[in-house]
Amino acid sequence: MAVEGLSVRYGRDVVALGCIDLAFAPGGFTVLLGPSGAGKSTLLRCLNGLARPSAGRVLGPDAAPIHRRLRAHRRQTGMVFQQHQLIGRLSVLDNVLIGLLGQRSPWTALLPPSRAERERALDALERVGLIERALTRADALSGGQQQRVGIARALVQRPRLMLADEPVASLDPVTAERVLDLLARICREDGITAIVSLHQVEFARRYAERIVALAAGAVVFDGPPALLAEADIARIYGPAHSPQAAQEEYA
Amino acid sequence: MSRHAAILAADAAAGRRHAALATVVLAVALGALGVSGFFDAERFADAWPAVAQISSEMVPPDFSRWQSWLRPLADTLAMSIAGTALAVAFSLPLALLAAVNTAPNAVVQQLARLLLSFLRSVPEIIMGILFVAAVGFGALPGVLALGLHSVGMVGKFYAEAIEHTDPRPAEAARAAGAGPLQIIQRAILPQVLPQLADITLYRWEYHFRASAVLGIVGAGGIGFELIAALRLMAYDQVSAILLAILACVVVVDATGAALRQRLR
């Protein structure tokens, strides 16, 4: 997975990302770090074609541009969203089954889910520890549980790549830690390449094998967490902020 | 047996309940079609000659009298706008009284609902006849009939939109010490303004079509010309008037869409 010279502009003069080059090694756990508006979401959304680059290329795991075979690329790419993006009035199981829609052929696209698909979805729910809630309405679950449903929906795809856009930003710190533990464990066990955006430096340090920090649409740090110094953090969040102040402001 | 047999069975049972409900709905729909003679093939077979006859008389449309339709069309446009204005003026306060989350108390809420149901249940053509009897022929009885009947419908839709608003911003306003009217004005209405506009604009378009029907009972506008042509069995003029109405509805609809864009 790689991006080459990736730029994204909204309108005439809003630059979300300015000419970025990055490569992601298979099986790694990369954290995109940076304040709101740094371009983390835009980069993640480019990686599965939800956002279109204004310039540059996005290359999939097979080194071919993803736009050439977009649906095939999305099939093997799971995505976890900040706001969970579940349908509240459907059951947890029906929400997870949405993750399997990309696997259907055009002829079976609109058929009800098969028994095999249901079993696969239930297996995914078992792995995130929500098998007992499978037939509960999604909106009856807590925020942390809803995000675990979001992870199950991505997991059921058996993805090679997992993109998570601020997966714990709307959760309390204790729940956030549990959700990140789960996400990191599953990606490690299944050898899934993970790219996760976070704004908390502490979480990034704890879970990342590699940190890519963005500020104002540019890469300002790229390396292992051990090399991330206080000076780098000041650069990411602006010189006026101490790391603590940055944490509070963007939490 | 699979490991998830119990859950799959419960899920399948839920699916069967939904299917059973859908079957009942389908059966009722088919039954209603049957009762109204929809499956009586003979009646359709007999219908063809008449349909073919009238259709052939409808083409080509006869636009020769178009100049005498301009004024009635303008009247109809004025009626549709005036009727909509009347409907909105009475619908909004009634909807606020009829919505659970803005009604002062349950008694008022039920009374407002009752009034809306009553207005809805009197067909506008009956209202048209009553108002023609009361204030005489012309556009005025049409406007009154359209407006009053629509209050029942528009008020109900407004009330439902208001009930579906997010209660949390209202809570924030209440926490800041806002009174009930302030909460409605500053926390509830801003949320539903686009929906209210959608309902209103749809109703405007509906009023344009409905005012054509009201012409039948002497309530002015293009409908009066339409019924006159029908009485003379001048079907080529009928089709021309219908095309003129279609053109106006398209213009009204496009105007509505443009206004809606601005109210996002």
# chains A, B, ... in the order shown; residues from 1 in each chain; ligands from 1
>>> select_by_dssp(residues="range 36-153 of chain A", states="strand (DSSP E)", output="MDAnalysis selection string")
chainID A and resid 55:59 77:80
>>> write_last_selection(atoms="N, CA and C atoms", output="mmCIF file, in the first residue's frame")
data_model
loop_
_atom_site.group_PDB
_atom_site.id
_atom_site.type_symbol
_atom_site.label_atom_id
_atom_site.label_comp_id
_atom_site.auth_asym_id
_atom_site.auth_seq_id
_atom_site.Cartn_x
_atom_site.Cartn_y
_atom_site.Cartn_z
ATOM 1 N N ALA A 55 -4.293 15.209 -7.176
ATOM 2 C CA ALA A 55 -3.101 14.849 -7.943
ATOM 3 C C ALA A 55 -2.443 13.678 -7.236
ATOM 4 N N GLY A 56 -1.623 12.929 -7.966
ATOM 5 C CA GLY A 56 -0.909 11.813 -7.366
ATOM 6 C C GLY A 56 -1.644 10.498 -7.505
ATOM 7 N N ARG A 57 -1.039 9.417 -6.962
ATOM 8 C CA ARG A 57 -1.592 8.081 -7.147
ATOM 9 C C ARG A 57 -1.713 7.355 -5.816
ATOM 10 N N VAL A 58 -2.690 6.487 -5.731
ATOM 11 C CA VAL A 58 -2.846 5.602 -4.577
ATOM 12 C C VAL A 58 -2.661 4.181 -5.089
ATOM 13 N N LEU A 59 -1.651 3.477 -4.556
ATOM 14 C CA LEU A 59 -1.352 2.126 -5.024
ATOM 15 C C LEU A 59 -1.784 1.107 -3.975
ATOM 16 N N THR A 77 -10.422 -4.335 1.946
ATOM 17 C CA THR A 77 -10.060 -3.230 2.837
ATOM 18 C C THR A 77 -11.211 -2.969 3.801
ATOM 19 N N GLY A 78 -10.975 -3.201 5.089
ATOM 20 C CA GLY A 78 -12.012 -2.919 6.088
ATOM 21 C C GLY A 78 -11.882 -1.480 6.546
ATOM 22 N N MET A 79 -13.035 -0.839 6.850
ATOM 23 C CA MET A 79 -12.944 0.539 7.332
ATOM 24 C C MET A 79 -13.779 0.685 8.608
ATOM 25 N N VAL A 80 -13.182 1.362 9.594
ATOM 26 C CA VAL A 80 -13.859 1.624 10.860
ATOM 27 C C VAL A 80 -13.960 3.136 11.003
#
>>> interface_residues(of="chain A", to="chain B", cutoff="9 Å", atoms="only C-alpha atoms", output="PyMOL selection string")
chain A and resi 93+115+118-119+122-123+131-132+134-135
>>> residues_around(residues="His149 in chain B", least_positions_apart="3", cutoff="6 Å", atoms="only C-alpha atoms", output="ChimeraX atom specification")
/B:119-120,124,146,152
>>> residues_around(residues="Leu47 in chain A", least_positions_apart="3", cutoff="9 Å", atoms="only C-alpha atoms", output="list in words")
Met1, Ala2, Val3, Thr42, Leu43, Leu44, Leu50, Ala51, Val58, Leu59, Gly60, Ile66 and Leu163 of chain A
>>> residues_around(residues="range 66-70 of chain B", least_positions_apart="4", cutoff="9 Å", atoms="only C-alpha atoms", output="list in words")
Asp62, Ala74, Asp75, Gly221, Ile222, Glu225, Ala240, Ile241 and Ala244 of chain B
>>> write_last_selection(atoms="N, CA and C atoms", output="PDB file, in the first residue's frame")
ATOM      1  N   ASP B  62     -55.697  21.006 -29.392  1.00  0.00           N
ATOM      2  CA  ASP B  62     -56.135  22.238 -30.055  1.00  0.00           C
ATOM      3  C   ASP B  62     -55.800  23.440 -29.177  1.00  0.00           C
ATOM      4  N   ALA B  74     -53.140  32.378 -14.908  1.00  0.00           N
ATOM      5  CA  ALA B  74     -52.577  33.312 -13.930  1.00  0.00           C
ATOM      6  C   ALA B  74     -53.408  33.288 -12.647  1.00  0.00           C
ATOM      7  N   ASP B  75     -54.751  33.201 -12.799  1.00  0.00           N
ATOM      8  CA  ASP B  75     -55.625  33.098 -11.625  1.00  0.00           C
ATOM      9  C   ASP B  75     -55.292  31.854 -10.809  1.00  0.00           C
ATOM     10  N   GLY B 221     -60.288  30.010 -12.158  1.00  0.00           N
ATOM     11  CA  GLY B 221     -59.042  29.456 -12.644  1.00  0.00           C
ATOM     12  C   GLY B 221     -59.183  28.597 -13.876  1.00  0.00           C
ATOM     13  N   ILE B 222     -58.091  27.905 -14.229  1.00  0.00           N
ATOM     14  CA  ILE B 222     -58.034  27.110 -15.447  1.00  0.00           C
ATOM     15  C   ILE B 222     -59.001  25.924 -15.378  1.00  0.00           C
ATOM     16  N   GLU B 225     -62.155  26.469 -17.283  1.00  0.00           N
ATOM     17  CA  GLU B 225     -61.992  26.238 -18.730  1.00  0.00           C
ATOM     18  C   GLU B 225     -61.976  24.742 -19.036  1.00  0.00           C
ATOM     19  N   ALA B 240     -55.132  19.941 -24.708  1.00  0.00           N
ATOM     20  CA  ALA B 240     -54.297  21.148 -24.773  1.00  0.00           C
ATOM     21  C   ALA B 240     -54.227  21.819 -23.402  1.00  0.00           C
ATOM     22  N   ILE B 241     -55.394  21.911 -22.716  1.00  0.00           N
ATOM     23  CA  ILE B 241     -55.397  22.535 -21.384  1.00  0.00           C
ATOM     24  C   ILE B 241     -54.573  21.698 -20.410  1.00  0.00           C
ATOM     25  N   ALA B 244     -51.057  22.442 -20.933  1.00  0.00           N
ATOM     26  CA  ALA B 244     -50.722  23.757 -20.376  1.00  0.00           C
ATOM     27  C   ALA B 244     -50.535  23.657 -18.865  1.00  0.00           C
TER      28      ALA B 244
END
>>> closest_residue(among="A:Ala140, A:Asp94, A:Tyr237, A:Ser7", to="Ser114 in chain A", atoms="only C-alpha atoms")
A:Asp94
>>> atom_distance(atom1="CA of His18 in chain B", atom2="CA of Val96 in chain A")
19.6 Å
>>> select_by_dssp(residues="range 76-155 of chain A", states="alpha helix (DSSP H)", output="VMD selection string")
chain A and resid 92 to 97 115 to 127 143 to 155
>>> atom_distance(atom1="CA of Arg153 in chain A", atom2="CA of Gly99 in chain A")
4.8 Å
>>> atom_distance(atom1="CA of Val100 in chain B", atom2="CA of Glu160 in chain B")
9.1 Å
>>> residues_around(residues="Leu193 in chain B", least_positions_apart="3", cutoff="12 Å", atoms="only C-alpha atoms", output="PyMOL selection string")
chain B and resi 92+158+161-162+165+184-190+196-200+260+262-264
>>> write_last_selection(atoms="C-alpha atoms", output="PDB file, in the first residue's frame")
ATOM      1  CA  LEU B  92     -47.630  26.344  11.917  1.00  0.00           C
ATOM      2  CA  TYR B 158     -45.438  19.919  10.255  1.00  0.00           C
ATOM      3  CA  ALA B 161     -41.497  16.873  11.520  1.00  0.00           C
ATOM      4  CA  ILE B 162     -41.427  18.830  14.799  1.00  0.00           C
ATOM      5  CA  THR B 165     -36.452  16.855  15.991  1.00  0.00           C
ATOM      6  CA  ILE B 184     -39.381  26.520  19.923  1.00  0.00           C
ATOM      7  CA  GLN B 185     -38.078  29.586  18.099  1.00  0.00           C
ATOM      8  CA  ARG B 186     -34.351  29.066  18.520  1.00  0.00           C
ATOM      9  CA  ALA B 187     -33.794  25.324  19.095  1.00  0.00           C
ATOM     10  CA  ILE B 188     -36.638  23.440  17.397  1.00  0.00           C
ATOM     11  CA  LEU B 189     -37.706  25.451  14.348  1.00  0.00           C
ATOM     12  CA  PRO B 190     -34.139  25.931  13.001  1.00  0.00           C
ATOM     13  CA  LEU B 196     -41.196  22.513   6.615  1.00  0.00           C
ATOM     14  CA  ALA B 197     -40.095  24.180   3.386  1.00  0.00           C
ATOM     15  CA  ASP B 198     -40.208  20.838   1.554  1.00  0.00           C
ATOM     16  CA  ILE B 199     -43.738  20.154   2.791  1.00  0.00           C
ATOM     17  CA  THR B 200     -44.848  23.682   1.879  1.00  0.00           C
ATOM     18  CA  ARG B 260     -35.298  24.390  -1.606  1.00  0.00           C
ATOM     19  CA  ARG B 262     -31.360  27.939  -0.856  1.00  0.00           C
ATOM     20  CA  LEU B 263     -32.924  26.621   2.358  1.00  0.00           C
ATOM     21  CA  ARG B 264     -30.514  23.745   3.033  1.00  0.00           C
TER      22      ARG B 264
END
>>> residues_around(residues="Ser54 in chain A", least_positions_apart="4", cutoff="10 Å", atoms="only C-alpha atoms", output="ChimeraX atom specification")
/A:6-10,15,17-19
>>> write_last_selection(atoms="C-alpha atoms", output="PDB file, in the first residue's frame")
ATOM      1  CA  LEU A   6      -0.878  12.587  -3.196  1.00  0.00           C
ATOM      2  CA  SER A   7      -2.641  15.963  -3.037  1.00  0.00           C
ATOM      3  CA  VAL A   8      -6.242  16.706  -2.194  1.00  0.00           C
ATOM      4  CA  ARG A   9      -7.790  20.133  -2.552  1.00  0.00           C
ATOM      5  CA  TYR A  10     -11.359  21.057  -1.703  1.00  0.00           C
ATOM      6  CA  VAL A  15      -5.540  22.185   0.705  1.00  0.00           C
ATOM      7  CA  LEU A  17      -3.231  17.187   1.712  1.00  0.00           C
ATOM      8  CA  GLY A  18      -0.214  18.589  -0.113  1.00  0.00           C
ATOM      9  CA  CYS A  19       1.950  16.190  -2.122  1.00  0.00           C
TER      10      CYS A  19
END
>>> closest_residue(among="A:Ala218, A:Ala124, A:Ser142, A:Val201", to="Glu230 in chain A", atoms="only C-alpha atoms")
A:Val201
>>> closest_residue(among="A:Val31, A:Ala216, A:Ala176, A:Ala121", to="Met162 in chain A", atoms="only C-alpha atoms")
A:Val31
>>> closest_residue(among="A:Ala215, A:Asp165, A:Arg69, A:Arg235", to="Ile195 in chain A", atoms="only C-alpha atoms")
A:Asp165
